[in-house]
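**Student:** To be precise about what I am sending: the file is called entry_29.txt and holds compact mmCIF, C-alpha atoms.
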```txt
# COMPACT_ATOMS: atom_id res chain seq x y z
CA MET A 2 0.00 0.00 0.00
CA ALA A 3 1.20 3.54 -0.75
CA PHE A 4 2.91 5.43 2.10
CA GLU A 5 3.90 2.20 3.89
CA GLY A 6 7.61 3.09 3.92
CA LEU A 7 6.92 6.70 4.85
CA THR A 8 4.64 5.66 7.72
CA GLU A 9 7.32 3.34 9.13
CA LYS A 10 10.03 6.01 9.04
CA LEU A 11 7.79 8.69 10.56
CA SER A 12 6.68 6.28 13.29
CA ALA A 13 10.32 5.55 14.12
CA ALA A 14 11.11 9.28 14.36
CA PHE A 15 8.08 9.90 16.60
CA LYS A 16 9.05 6.97 18.84
CA ARG A 17 12.47 8.53 19.44
CA LEU A 18 10.85 11.87 20.26
CA ARG A 19 8.47 10.27 22.76
CA GLY A 20 11.33 8.41 24.39
CA LYS A 21 13.12 11.63 25.32
CA GLY A 22 10.43 13.20 27.47
CA ARG A 23 11.44 16.84 27.50
CA LEU A 24 12.74 18.05 24.14
CA THR A 25 15.33 20.60 23.15
CA GLU A 26 15.59 22.59 19.94
CA ALA A 27 18.41 20.24 18.87
CA ASP A 28 16.09 17.23 19.34
CA VAL A 29 13.47 18.84 17.13
CA ARG A 30 15.96 19.73 14.39
CA GLU A 31 17.33 16.18 14.41
CA ALA A 32 13.80 14.79 14.07
CA MET A 33 13.09 17.22 11.22
CA LYS A 34 16.15 15.86 9.36
CA GLU A 35 14.75 12.33 9.66
CA ILE A 36 11.32 13.46 8.50
CA ARG A 37 12.88 15.38 5.61
CA MET A 38 14.74 12.27 4.42
CA ALA A 39 11.61 10.14 4.82
CA LEU A 40 9.60 12.53 2.63
CA LEU A 41 12.32 12.70 -0.03
CA GLU A 42 12.58 8.90 -0.10
CA ALA A 43 8.79 8.80 -0.55
CA ASP A 44 9.35 10.81 -3.75
CA VAL A 45 7.78 14.02 -2.49
CA ASN A 46 8.78 17.06 -4.54
CA PHE A 47 11.99 18.65 -3.16
CA LYS A 48 10.55 22.17 -3.00
CA VAL A 49 7.43 20.87 -1.26
CA VAL A 50 9.58 19.05 1.32
CA LYS A 51 11.69 22.15 1.96
CA GLN A 52 8.62 24.32 2.52
CA PHE A 53 6.91 21.67 4.66
CA ILE A 54 9.91 21.18 6.97
CA ALA A 55 10.39 24.93 7.32
CA SER A 56 6.74 25.40 8.28
CA VAL A 57 6.74 22.53 10.80
CA THR A 58 10.06 23.62 12.33
CA GLU A 59 8.88 27.21 12.74
CA ARG A 60 5.77 26.04 14.58
CA THR A 61 7.53 23.46 16.78
CA ILE A 62 10.55 25.43 17.97
CA GLY A 63 8.77 27.57 20.51
CA SER A 64 8.17 27.59 24.23
CA ASP A 65 4.52 26.53 23.81
CA VAL A 66 5.64 23.20 22.35
CA LEU A 67 9.01 22.46 23.95
CA GLU A 68 7.84 23.36 27.46
CA SER A 69 4.53 21.51 27.26
CA LEU A 70 3.95 18.31 29.23
CA THR A 71 3.70 16.26 26.01
CA PRO A 72 5.98 17.98 23.46
CA ALA A 73 6.23 14.91 21.18
CA GLN A 74 2.44 14.73 20.90
CA MET A 75 2.29 18.45 20.14
CA ILE A 76 4.82 18.01 17.33
CA ILE A 77 2.87 15.09 15.85
CA LYS A 78 -0.28 17.22 16.00
CA ILE A 79 1.49 20.03 14.13
CA ILE A 80 2.82 17.61 11.48
CA ASN A 81 -0.67 16.18 11.03
CA GLU A 82 -2.12 19.67 10.52
CA GLU A 83 0.62 20.59 8.03
CA LEU A 84 0.10 17.34 6.07
CA VAL A 85 -3.62 18.05 5.83
CA ALA A 86 -2.93 21.59 4.61
CA LEU A 87 -0.38 20.26 2.11
CA MET A 88 -2.94 17.91 0.54
CA GLY A 89 -5.75 20.43 0.35
CA SER A 90 -7.36 20.71 3.80
CA GLU A 91 -10.75 19.27 2.82
CA ASN A 92 -12.49 16.90 0.44
CA MET A 93 -13.39 18.63 -2.83
CA LYS A 94 -16.43 17.20 -4.57
CA LEU A 95 -17.21 17.25 -8.27
CA THR A 96 -18.86 20.50 -9.28
CA ILE A 97 -22.40 19.80 -10.47
CA SER A 98 -23.78 22.14 -13.14
CA SER A 99 -27.03 23.97 -12.38
CA LYS A 100 -28.07 23.21 -15.97
CA PRO A 101 -27.73 19.47 -16.67
CA PRO A 102 -25.86 17.69 -17.94
CA THR A 103 -22.67 18.22 -15.97
CA VAL A 104 -19.80 17.61 -18.42
CA VAL A 105 -16.57 16.11 -17.08
CA MET A 106 -13.56 15.86 -19.41
CA LEU A 107 -11.27 13.01 -18.37
CA VAL A 108 -7.69 13.68 -19.47
CA GLY A 109 -4.33 12.06 -18.87
CA LEU A 110 -1.53 9.96 -20.30
CA ASN A 111 -1.95 6.40 -21.55
CA GLY A 112 -1.27 3.84 -18.83
CA ALA A 113 -2.75 5.88 -15.99
CA GLY A 114 -5.99 3.89 -16.15
CA LYS A 115 -8.02 6.77 -17.57
CA THR A 116 -10.73 4.67 -19.23
CA THR A 117 -11.22 2.22 -16.35
CA ASN A 118 -11.07 4.85 -13.62
CA GLY A 119 -13.38 7.15 -15.56
CA ALA A 120 -15.88 4.28 -15.57
CA LYS A 121 -15.29 3.77 -11.83
CA LEU A 122 -16.13 7.42 -11.28
CA ALA A 123 -19.31 7.07 -13.34
CA GLY A 124 -20.25 4.03 -11.24
CA LEU A 125 -19.69 6.01 -8.04
CA MET A 126 -21.92 8.82 -9.33
CA LYS A 127 -24.60 6.26 -10.18
CA LYS A 128 -24.54 5.02 -6.57
CA GLN A 129 -25.10 8.61 -5.50
CA GLY A 130 -28.30 8.82 -7.54
CA LYS A 131 -26.93 10.34 -10.75
CA ARG A 132 -27.63 9.09 -14.29
CA PRO A 133 -24.16 9.05 -15.85
CA LEU A 134 -23.22 8.60 -19.51
CA LEU A 135 -19.77 7.57 -20.72
CA VAL A 136 -18.72 9.01 -24.09
CA ALA A 137 -15.97 7.29 -26.09
CA CYS A 138 -13.87 10.17 -27.45
CA ASP A 139 -10.57 8.25 -27.54
CA THR A 140 -10.08 7.33 -31.18
CA PHE A 141 -6.30 7.28 -30.89
CA ARG A 142 -5.70 4.16 -28.78
CA PRO A 143 -6.70 0.81 -30.34
CA ALA A 144 -9.60 -0.93 -28.55
CA ALA A 145 -10.26 2.08 -26.29
CA ILE A 146 -13.91 2.22 -27.37
CA GLU A 147 -14.37 -1.52 -26.81
CA GLN A 148 -12.72 -1.27 -23.37
CA LEU A 149 -15.08 1.55 -22.35
CA GLU A 150 -18.10 -0.47 -23.48
CA VAL A 151 -16.93 -3.48 -21.47
CA VAL A 152 -16.40 -1.60 -18.18
CA GLY A 153 -19.55 0.45 -18.76
CA GLY A 154 -21.51 -2.78 -19.20
CA GLN A 155 -20.08 -4.22 -15.98
CA LEU A 156 -21.25 -1.13 -14.08
CA ASP A 157 -24.55 -0.88 -15.97
CA VAL A 158 -23.59 2.61 -17.14
CA PRO A 159 -24.55 3.49 -20.76
CA VAL A 160 -21.78 4.23 -23.27
CA PHE A 161 -22.17 6.53 -26.26
CA GLN A 162 -19.91 5.96 -29.26
CA ILE A 163 -19.97 6.57 -33.01
CA GLY A 164 -16.75 4.82 -33.92
CA GLN A 165 -13.64 6.47 -35.37
CA ALA A 166 -15.10 9.93 -35.92
CA ASP A 167 -13.73 13.34 -34.96
CA PRO A 168 -13.36 13.40 -31.13
CA VAL A 169 -14.96 16.86 -30.81
CA GLU A 170 -17.93 15.74 -32.92
CA ILE A 171 -18.25 12.63 -30.71
CA ALA A 172 -18.20 14.75 -27.55
CA LEU A 173 -20.87 17.17 -28.83
CA SER A 174 -23.06 14.30 -30.06
CA GLY A 175 -22.66 12.53 -26.71
CA ILE A 176 -23.76 15.61 -24.79
CA ALA A 177 -26.78 16.03 -27.09
CA HIS A 178 -27.61 12.34 -26.53
CA ALA A 179 -27.42 12.87 -22.76
CA LYS A 180 -29.88 15.78 -22.94
CA GLN A 181 -32.33 13.71 -24.96
CA HIS A 182 -32.12 10.65 -22.69
CA GLY A 183 -32.05 12.33 -19.27
CA ASN A 184 -28.40 11.67 -18.38
CA ASP A 185 -27.42 14.35 -15.88
CA ILE A 186 -23.63 13.82 -15.89
CA VAL A 187 -21.42 13.07 -18.91
CA PHE A 188 -17.88 11.71 -18.73
CA LEU A 189 -15.80 12.31 -21.87
CA ASP A 190 -13.07 9.66 -22.17
CA THR A 191 -10.52 11.60 -24.22
CA ALA A 192 -7.39 10.41 -26.00
CA GLY A 193 -4.07 10.17 -24.21
CA ARG A 194 -0.48 9.61 -25.22
CA LEU A 195 2.54 7.84 -23.77
CA HIS A 196 3.98 11.30 -23.22
CA VAL A 197 2.83 14.92 -23.35
CA ASP A 198 2.93 16.26 -26.90
CA GLU A 199 1.66 19.30 -28.79
CA GLU A 200 -0.83 17.34 -30.91
CA LEU A 201 -2.53 15.91 -27.83
CA MET A 202 -2.80 19.27 -26.11
CA ASP A 203 -4.15 21.00 -29.23
CA GLN A 204 -6.88 18.37 -29.58
CA LEU A 205 -7.86 18.72 -25.91
CA LYS A 206 -7.89 22.52 -26.13
CA VAL A 207 -10.25 22.40 -29.13
CA MET A 208 -12.55 19.99 -27.28
CA LYS A 209 -12.55 22.16 -24.17
CA GLN A 210 -13.53 25.22 -26.19
CA ALA A 211 -16.28 23.30 -27.99
CA VAL A 212 -17.97 21.57 -25.03
CA ASP A 213 -17.24 24.07 -22.21
CA PRO A 214 -16.85 21.32 -19.54
CA THR A 215 -17.93 21.80 -15.94
CA GLU A 216 -14.87 19.86 -14.78
CA ILE A 217 -11.58 18.81 -16.36
CA LEU A 218 -10.35 15.91 -14.25
CA MET A 219 -6.88 14.52 -14.83
CA ILE A 220 -6.27 10.82 -14.15
CA VAL A 221 -2.76 10.39 -12.72
CA ASP A 222 -0.84 7.18 -12.04
CA ALA A 223 0.68 7.36 -8.53
CA MET A 224 3.24 4.71 -9.47
CA ILE A 225 5.27 7.11 -11.64
CA GLY A 226 6.08 9.44 -8.74
CA GLN A 227 7.35 12.90 -9.65
CA ASP A 228 6.60 12.31 -13.33
CA ALA A 229 2.95 12.26 -12.28
CA VAL A 230 3.36 15.70 -10.71
CA ASN A 231 5.17 17.05 -13.77
CA ALA A 232 2.47 15.69 -16.09
CA ALA A 233 -0.27 17.22 -13.93
CA LYS A 234 1.52 20.57 -14.03
CA THR A 235 1.80 20.45 -17.84
CA PHE A 236 -1.86 19.53 -18.31
CA ASP A 237 -2.89 22.24 -15.88
CA GLU A 238 -0.89 24.91 -17.70
CA ALA A 239 -2.50 23.92 -21.01
CA LEU A 240 -6.08 23.18 -19.92
CA ASP A 241 -6.53 24.68 -16.43
CA ILE A 242 -7.67 21.37 -14.94
CA THR A 243 -10.11 21.49 -12.04
CA GLY A 244 -8.87 18.45 -10.15
CA VAL A 245 -6.99 15.17 -10.10
CA MET A 246 -7.87 11.52 -9.61
CA LEU A 247 -4.87 9.58 -8.32
CA THR A 248 -4.84 5.89 -9.29
CA LYS A 249 -2.98 2.78 -8.11
CA LEU A 250 -2.62 3.88 -4.50
CA ASP A 251 -3.08 0.22 -3.55
CA GLY A 252 0.25 -0.72 -5.17
CA ASP A 253 3.89 -0.01 -4.36
CA ALA A 254 3.63 3.71 -5.02
CA ARG A 255 5.71 5.64 -2.51
CA GLY A 256 2.99 8.25 -2.24
CA GLY A 257 4.99 11.34 -3.13
CA ALA A 258 2.57 12.37 -5.86
CA ALA A 259 -0.32 12.63 -3.38
CA LEU A 260 1.75 14.93 -1.16
CA SER A 261 3.05 17.06 -4.03
CA ILE A 262 0.29 17.60 -6.60
CA LYS A 263 -1.82 20.12 -4.67
CA SER A 264 1.19 22.21 -3.73
CA VAL A 265 2.73 22.16 -7.23
CA THR A 266 -0.43 22.64 -9.33
CA GLY A 267 -2.76 24.31 -6.85
CA LYS A 268 -5.46 21.84 -7.93
CA PRO A 269 -7.03 19.37 -5.49
CA ILE A 270 -7.00 15.59 -5.57
CA LYS A 271 -10.71 14.75 -5.68
CA PHE A 272 -10.68 10.95 -5.95
CA ILE A 273 -8.29 8.04 -5.48
CA GLY A 274 -8.24 4.57 -6.98
CA VAL A 275 -7.48 1.95 -4.32
CA GLY A 276 -7.74 -1.31 -6.26
CA GLU A 277 -8.42 -2.95 -9.59
CA LYS A 278 -12.09 -3.71 -8.97
CA LEU A 279 -14.59 -1.29 -10.46
CA ASP A 280 -15.96 -0.29 -7.05
CA GLN A 281 -12.53 0.47 -5.56
CA ILE A 282 -12.66 4.23 -5.80
CA GLU A 283 -12.91 6.72 -2.93
CA PRO A 284 -13.33 10.47 -2.51
CA PHE A 285 -10.01 11.91 -1.35
CA HIS A 286 -10.07 13.22 2.22
CA PRO A 287 -6.77 14.98 3.12
CA GLU A 288 -7.34 14.67 6.88
CA ARG A 289 -7.98 10.91 6.61
CA MET A 290 -4.94 10.37 4.40
CA ALA A 291 -2.75 12.33 6.82
CA SER A 292 -4.03 10.15 9.66
CA ARG A 293 -3.09 7.00 7.73
CA ILE A 294 0.36 8.35 6.86
CA LEU A 295 1.02 9.00 10.56
CA GLY A 296 -0.10 5.47 11.51
CA MET A 297 -3.28 6.68 13.19
CA GLY A 298 -5.60 4.69 10.93
CA ASP A 299 -8.67 5.85 9.06
CA MET A 300 -11.69 4.69 10.99
CA LEU A 301 -14.13 6.97 9.13
CA SER A 302 -13.33 5.36 5.77
CA LEU A 303 -13.49 1.91 7.37
CA ILE A 304 -16.94 2.70 8.81
CA GLU A 305 -18.10 3.95 5.40
CA LYS A 306 -16.91 0.73 3.76
CA ALA A 307 -18.71 -1.32 6.39
CA GLN A 308 -21.92 0.67 5.88
CA GLN A 309 -21.76 0.07 2.12
CA SER A 310 -21.36 -3.68 2.68
CA PHE A 311 -23.87 -3.86 5.52
CA ASP A 312 -27.25 -5.42 4.77
CA GLU A 313 -29.76 -4.45 7.46
CA ASP A 314 -32.26 -7.18 6.61
CA LYS A 315 -29.59 -9.89 6.71
CA ALA A 316 -28.23 -8.47 9.96
CA ALA A 317 -31.67 -8.58 11.59
CA LYS A 318 -32.21 -12.17 10.47
CA LEU A 319 -28.73 -13.13 11.66
CA GLU A 320 -29.41 -11.62 15.08
CA GLN A 321 -32.55 -13.73 15.42
CA LYS A 322 -30.67 -16.87 14.37
CA ILE A 323 -27.92 -16.23 16.91
CA ARG A 324 -30.50 -15.66 19.64
CA LYS A 325 -32.05 -19.03 18.76
CA ASN A 326 -28.65 -20.77 18.40
CA ARG A 327 -29.27 -21.42 14.70
CA PHE A 328 -26.11 -19.89 13.25
CA THR A 329 -25.17 -21.97 10.15
CA LEU A 330 -22.38 -22.22 7.61
CA THR A 331 -24.61 -20.31 5.19
CA ASP A 332 -24.64 -17.40 7.67
CA PHE A 333 -20.88 -17.70 8.10
CA TYR A 334 -20.45 -17.53 4.32
CA ASP A 335 -22.60 -14.37 4.17
CA GLN A 336 -20.35 -12.73 6.76
CA LEU A 337 -17.19 -13.65 4.82
CA THR A 338 -18.72 -12.22 1.65
CA GLN A 339 -19.43 -8.91 3.38
CA ILE A 340 -15.86 -8.75 4.73
CA ARG A 341 -14.38 -9.43 1.29
CA SER A 342 -16.57 -6.77 -0.30
CA MET A 343 -14.88 -4.20 1.94
CA GLY A 344 -11.52 -4.88 0.27
CA SER A 345 -8.42 -6.91 1.02
CA LEU A 346 -7.42 -7.61 4.62
CA SER A 347 -4.28 -5.52 4.13
CA GLU A 348 -6.42 -2.58 2.94
CA ILE A 349 -8.73 -2.93 5.95
CA ALA A 350 -5.74 -3.30 8.30
CA GLY A 351 -4.26 -0.08 6.94
CA MET A 352 -7.31 1.77 8.26
CA LEU A 353 -6.91 0.47 11.80
CA PRO A 354 -4.94 2.68 14.21
CA GLY A 355 -1.49 1.24 14.90
CA PHE A 356 -1.97 -1.60 12.43
CA ASN A 357 0.02 -2.01 9.23
CA ALA A 358 0.98 -4.53 6.58
CA LYS A 359 3.87 -5.86 8.68
CA ALA A 360 1.55 -6.47 11.60
CA LEU A 361 -0.72 -8.35 9.23
CA ASP A 362 2.20 -10.47 8.03
CA SER A 363 3.30 -11.25 11.59
CA ALA A 364 -0.23 -12.44 12.36
CA ASN A 365 0.26 -15.13 9.68
CA VAL A 366 -2.92 -14.11 7.90
CA ASP A 367 -3.38 -15.76 4.50
CA GLU A 368 -5.57 -13.67 2.18
CA LYS A 369 -6.14 -16.73 -0.04
CA SER A 370 -7.57 -18.78 2.82
CA LEU A 371 -10.73 -16.64 2.72
CA GLY A 372 -11.25 -17.83 -0.84
CA ARG A 373 -10.59 -21.45 0.15
CA THR A 374 -13.12 -21.18 2.97
CA GLU A 375 -15.75 -19.81 0.60
CA ALA A 376 -14.98 -22.57 -1.93
CA ILE A 377 -15.46 -25.27 0.73
CA ILE A 378 -18.81 -23.87 1.85
CA LEU A 379 -20.04 -23.40 -1.73
CA ALA A 380 -19.11 -27.03 -2.52
CA MET A 381 -21.56 -28.21 0.15
CA THR A 382 -25.24 -28.87 -0.43
CA PRO A 383 -27.74 -26.53 1.30
CA ALA A 384 -28.57 -29.32 3.73
CA GLU A 385 -24.89 -29.80 4.62
CA ARG A 386 -24.46 -26.09 5.30
CA GLU A 387 -27.47 -26.14 7.61
CA ASN A 388 -26.35 -29.31 9.41
CA PRO A 389 -22.55 -29.88 9.22
CA ALA A 390 -22.93 -32.91 11.53
CA MET A 391 -24.02 -34.95 8.53
CA LEU A 392 -20.62 -34.54 6.86
CA ASN A 393 -19.16 -38.06 6.86
CA SER A 394 -15.97 -39.23 5.17
CA SER A 395 -17.45 -39.69 1.69
CA ARG A 396 -19.16 -36.28 1.75
CA LYS A 397 -15.91 -34.60 2.82
CA LYS A 398 -14.06 -36.29 -0.08
CA ARG A 399 -16.66 -34.94 -2.50
CA ILE A 400 -16.43 -31.41 -1.04
CA ALA A 401 -12.63 -31.48 -1.13
CA ALA A 402 -12.67 -32.51 -4.79
CA GLY A 403 -15.28 -29.87 -5.64
CA SER A 404 -13.46 -27.02 -3.84
CA GLY A 405 -9.88 -27.94 -4.75
CA THR A 406 -8.91 -28.34 -1.10
CA GLN A 407 -7.88 -31.13 1.27
CA ILE A 408 -10.00 -32.98 3.83
CA VAL A 409 -7.78 -31.49 6.55
CA ASP A 410 -8.92 -28.00 5.41
CA ILE A 411 -12.56 -29.06 5.75
CA ASN A 412 -11.95 -30.52 9.22
CA ARG A 413 -10.21 -27.31 10.30
CA LEU A 414 -13.13 -25.19 9.08
CA LEU A 415 -15.67 -27.41 10.86
CA LYS A 416 -13.71 -27.27 14.12
CA GLN A 417 -13.48 -23.49 13.96
CA PHE A 418 -17.16 -23.17 13.02
CA GLU A 419 -18.05 -25.32 16.02
CA MET A 420 -16.00 -22.96 18.17
CA MET A 421 -17.91 -20.00 16.78
CA GLN A 422 -21.22 -21.70 17.60
CA GLN A 423 -20.01 -22.19 21.18
CA MET A 424 -19.17 -18.49 21.35
CA THR A 425 -22.65 -17.48 20.19
CA ARG A 426 -24.21 -19.77 22.80
CA GLN A 427 -22.02 -18.20 25.49
CA MET A 428 -23.11 -14.72 24.39
CA ASN A 429 -26.76 -15.73 24.44
CA GLY A 430 -26.34 -17.08 27.94
CA GLY A 431 -24.78 -13.81 29.06
CA ASN A 432 -21.65 -15.65 30.18
CA LEU A 433 -18.75 -13.78 28.61
CA LYS A 434 -16.01 -15.08 30.94
CA LYS A 435 -15.47 -18.23 28.92
CA LEU A 436 -15.03 -16.38 25.62
CA GLY A 437 -11.40 -15.61 26.39
CA LYS A 438 -10.64 -19.33 26.69
CA LEU A 439 -12.47 -20.07 23.46
CA GLY A 440 -10.53 -17.33 21.69
CA LYS A 441 -7.26 -19.09 22.52
CA MET A 442 -8.34 -22.29 20.76
CA GLY A 443 -7.54 -20.93 17.30
CA LYS A 444 -8.65 -18.40 14.74
CA PHE A 445 -10.91 -18.40 11.76
CA PRO A 446 -9.24 -19.11 8.42
CA GLY A 447 -7.87 -15.97 6.82
CA LEU A 448 -9.06 -13.65 9.57
CA PRO A 449 -6.77 -11.80 12.02
CA PHE A 450 -8.91 -12.76 15.04
```
Let's see the structure in the file written out as structure tokens.

**Tutor:**
Amino acid sequence: MAFEGLTEKLSAAFKRLRGKGRLTEADVREAMKEIRMALLEADVNFKVVKQFIASVTERTIGSDVLESLTPAQMIIKIINEELVALMGSENMKLTISSKPPTVVMLVGLNGAGKTTNGAKLAGLMKKQGKRPLLVACDTFRPAAIEQLEVVGGQLDVPVFQIGQADPVEIALSGIAHAKQHGNDIVFLDTAGRLHVDEELMDQLKVMKQAVDPTEILMIVDAMIGQDAVNAAKTFDEALDITGVMLTKLDGDARGGAALSIKSVTGKPIKFIGVGEKLDQIEPFHPERMASRILGMGDMLSLIEKAQQSFDEDKAAKLEQKIRKNRFTLTDFYDQLTQIRSMGSLSEIAGMLPGFNAKALDSANVDEKSLGRTEAIILAMTPAERENPAMLNSSRKKRIAAGSGTQIVDINRLLKQFEMMQQMTRQMNGGNLKKLGKLGKMGKFPGLPF
């Protein structure tokens, strides 16, 4: 996950500050050197780092901080505030036109995931009650139109295309189509290049003048570091972009682009891509990202993910089943499905305060074991899921063959499921003292508890 290395280095610097109790100016300056190196290694723009360190140092070297009872905590608070300010202070939403349709030009270089992430954004707007339309204006890249139709179909978002025509004509026809069919937000998937060139910019300038977009959103690949910032600056100078969507923040990106773009271009990051799936897109909240960078977690985003995955009707039925001691493997499967819909365990762990990918590794959590558990349950008949006691040797052999697992995996799941049933009975009986003993018997497959 992005920022992992930066978080580790900052945490180490903060730990040394906390260990000293009272701090001197020399202690602060030494810590600032460590933080400066950590930011540079995270590929944050040099000028941004210089300004950031100067601002933090100016605020921390003062009697109010150094003479306080918890100077290290005061410094961390200041760094958190400066990080939030650096990334834009608050979440900036898409501007919605007072006269529909809202027109959003999606621009960027090839390889940034412009087409896929543009579709993700349309899908997010659909969830928010909008009626989006994707318009295929990229006639430069082979198969771009087909790709847009595929991802649009997966999200049930309509796609307008008229083949290899003039991109400006396509854009204008798409907007006219949206007006006729009641689409209130239009995303123009424009052409990109492997690098910034004059031909690309001229085409985009002509389109901007013709369609007068409400937003010009640049899709930027976080993996390319400072090149992403330079590209954003060039596009902004030519088109006056209104915002940025940063993609691939779930990968090995060092995160410098997220900390540099707002300062260098003056334009906010509005959305981030956090995975390959079409629903893995989030509004960008500077204060939440700063909290994650400092190892404080992001509980608000985690709660939002849980709310999106939460099914109230299923939860009510599950509560009744637990009260009546009727919790089954079908119910267990439903819970696993909801957990997986929230993202990978490493992504979820990154939102927990004090938890990180290394902690997840040390807990010996196997992401793939969730899939194996689901496969085992799905290989059972409905009757077997309702009554696991009927699983004899021959049935287990059939399930193992059908799920691609071993009988030992099935036995392990059944033992752990039995333990979970005991826990629910203990909770129903109001006797919570024995739960600690049950918790030491093992853990559920693939879960860090």

**Student:** Within 10 Å of A:Ala86, counting only C-alpha atoms, which residues qualify if same-chain residues fewer than 3 places away don't, as a PDB file with C-alpha atoms, keeping the file's coordinate frame?

**Tutor:**
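Ended up saving to around34.pdb:
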```pdb
ATOM      1  CA  PHE A  53       6.910  21.670   4.660  1.00  0.00           C
ATOM      2  CA  ILE A  80       2.820  17.610  11.480  1.00  0.00           C
ATOM      3  CA  ASN A  81      -0.670  16.180  11.030  1.00  0.00           C
ATOM      4  CA  GLU A  82      -2.120  19.670  10.520  1.00  0.00           C
ATOM      5  CA  GLU A  83       0.620  20.590   8.030  1.00  0.00           C
ATOM      6  CA  GLY A  89      -5.750  20.430   0.350  1.00  0.00           C
ATOM      7  CA  SER A  90      -7.360  20.710   3.800  1.00  0.00           C
ATOM      8  CA  GLU A  91     -10.750  19.270   2.820  1.00  0.00           C
ATOM      9  CA  LEU A 260       1.750  14.930  -1.160  1.00  0.00           C
ATOM     10  CA  LYS A 263      -1.820  20.120  -4.670  1.00  0.00           C
ATOM     11  CA  SER A 264       1.190  22.210  -3.730  1.00  0.00           C
ATOM     12  CA  PRO A 287      -6.770  14.980   3.120  1.00  0.00           C
ATOM     13  CA  GLU A 288      -7.340  14.670   6.880  1.00  0.00           C
ATOM     14  CA  ALA A 291      -2.750  12.330   6.820  1.00  0.00           C
TER      15      ALA A 291
END
```

**Student:** Please compute the atom CA of A:Leu247-atom CA of A:Asp185 distance, one decimal, in Å.

**Tutor:**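 Distance between the two atoms: 24.3 Å.
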
**Student:** List the spatial neighbours of A:Ala380 as a list in words - criterion: any atom at most 12 Å away, all atoms listed in the file, same-chain residues fewer than 6 positions off excluded.

**Tutor:**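 My reading of the contact set: Leu330, Thr331, Tyr334, Arg373, Thr374, Arg386, Arg396, Lys397, Lys398, Arg399, Ile400, Ala401, Ala402, Gly403, Ser404, Gly405, Thr406 and Ile411 of chain A.
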
**Student:** When you count all atoms listed in the file, which of these residues is closest to A:Gly130: A:Met202, A:Val104, A:Thr96, A:Asn184?

**Tutor:** A:Asn184

**Student:** Which is closest to A:Ala179 among A:Thr103, A:Glu35, A:Met208, A:Ile146, if we use only C-alpha atoms?

**Tutor:**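 Among the listed residues, the smallest separation from A:Ala179 belongs to A:Thr103.
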
**Student:** Determine the nearest neighbour of A:Ile282 from the options A:Val57, A:Met424, A:Ile294, A:Ala123, counting only C-alpha atoms.

**Tutor:**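 Closest to A:Ile282 of all the choices is A:Ala123.
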
**Student:** Can you work out which one of A:Pro133, A:Leu11, A:Gln165, A:Thr25 has the shortest atom-to-atom distance to A:Arg37, counting all atoms listed in the file?

**Tutor:**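 With all atoms listed in the file as the atom set, the closest residue is A:Leu11.
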
**Student:** For atom CA of A:Val207 and atom CA of A:Gln162, determine how far apart the two atoms are, in Å to one decimal place.

**Tutor:**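 One can read the atom CA of A:Val207 to atom CA of A:Gln162 distance as 19.1 Å.
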
**Student:** Just how far from atom CA of A:Met420 is atom CA of A:Asp332, in Å to one decimal?

**Tutor:**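 Between atom CA of A:Asp332 and atom CA of A:Met420 the gap works out to 14.7 Å.
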
**Student:** Find the residues around A:Ile242 up to 8 Å (all atoms listed in the file counted), leave out those fewer than 3 positions away in its own chain, and share them as an mmCIF file with C-alpha atoms, in the frame of the given file.

**Tutor:**
```cif
data_model
loop_
_atom_site.group_PDB
_atom_site.id
_atom_site.type_symbol
_atom_site.label_atom_id
_atom_site.label_comp_id
_atom_site.auth_asym_id
_atom_site.auth_seq_id
_atom_site.Cartn_x
_atom_site.Cartn_y
_atom_site.Cartn_z
ATOM 1 C CA GLU A 216 -14.870 19.860 -14.780
ATOM 2 C CA ILE A 217 -11.580 18.810 -16.360
ATOM 3 C CA LEU A 218 -10.350 15.910 -14.250
ATOM 4 C CA MET A 219 -6.880 14.520 -14.830
ATOM 5 C CA PHE A 236 -1.860 19.530 -18.310
ATOM 6 C CA ASP A 237 -2.890 22.240 -15.880
ATOM 7 C CA VAL A 245 -6.990 15.170 -10.100
ATOM 8 C CA LYS A 268 -5.460 21.840 -7.930
#
```

**Student:** Kindly indicate which residue among A:Glu150, A:Met75, A:Ala43, A:His182 lies nearest to A:Phe15, using all atoms listed in the file for the distances.

**Tutor:**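 Of the candidates, the smallest distance to A:Phe15 is held by A:Met75.
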
**Student:** Which protein, DNA or RNA residues have an atom at most 8 Å from (-24.3, 2.5, -15.3), counting all atoms listed in the file? List them as a list in words.

**Tutor:**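 Returned residue set, sorted by chain then number, is Ala123, Gly124, Lys127, Arg132, Pro133, Leu134, Gly153, Gly154, Gln155, Leu156, Asp157, Val158 and Pro159 of chain A.
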
**Student:** Is there a way to get, as a compact mmCIF listing (two decimals) with C-alpha atoms, keeping the file's coordinate frame, all residues within 9 Å of the point (-6.3, 7.5, -25.9) in file coordinates, counting all atoms listed in the file?

**Tutor:**
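Saved result, point-v1.txt, follows:
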```txt
# COMPACT_ATOMS: atom_id res chain seq x y z
CA GLY A 109 -4.33 12.06 -18.87
CA LEU A 110 -1.53 9.96 -20.30
CA ASN A 111 -1.95 6.40 -21.55
CA LYS A 115 -8.02 6.77 -17.57
CA THR A 116 -10.73 4.67 -19.23
CA CYS A 138 -13.87 10.17 -27.45
CA ASP A 139 -10.57 8.25 -27.54
CA THR A 140 -10.08 7.33 -31.18
CA PHE A 141 -6.30 7.28 -30.89
CA ARG A 142 -5.70 4.16 -28.78
CA PRO A 143 -6.70 0.81 -30.34
CA ALA A 145 -10.26 2.08 -26.29
CA ASP A 190 -13.07 9.66 -22.17
CA THR A 191 -10.52 11.60 -24.22
CA ALA A 192 -7.39 10.41 -26.00
CA GLY A 193 -4.07 10.17 -24.21
CA ARG A 194 -0.48 9.61 -25.22
```
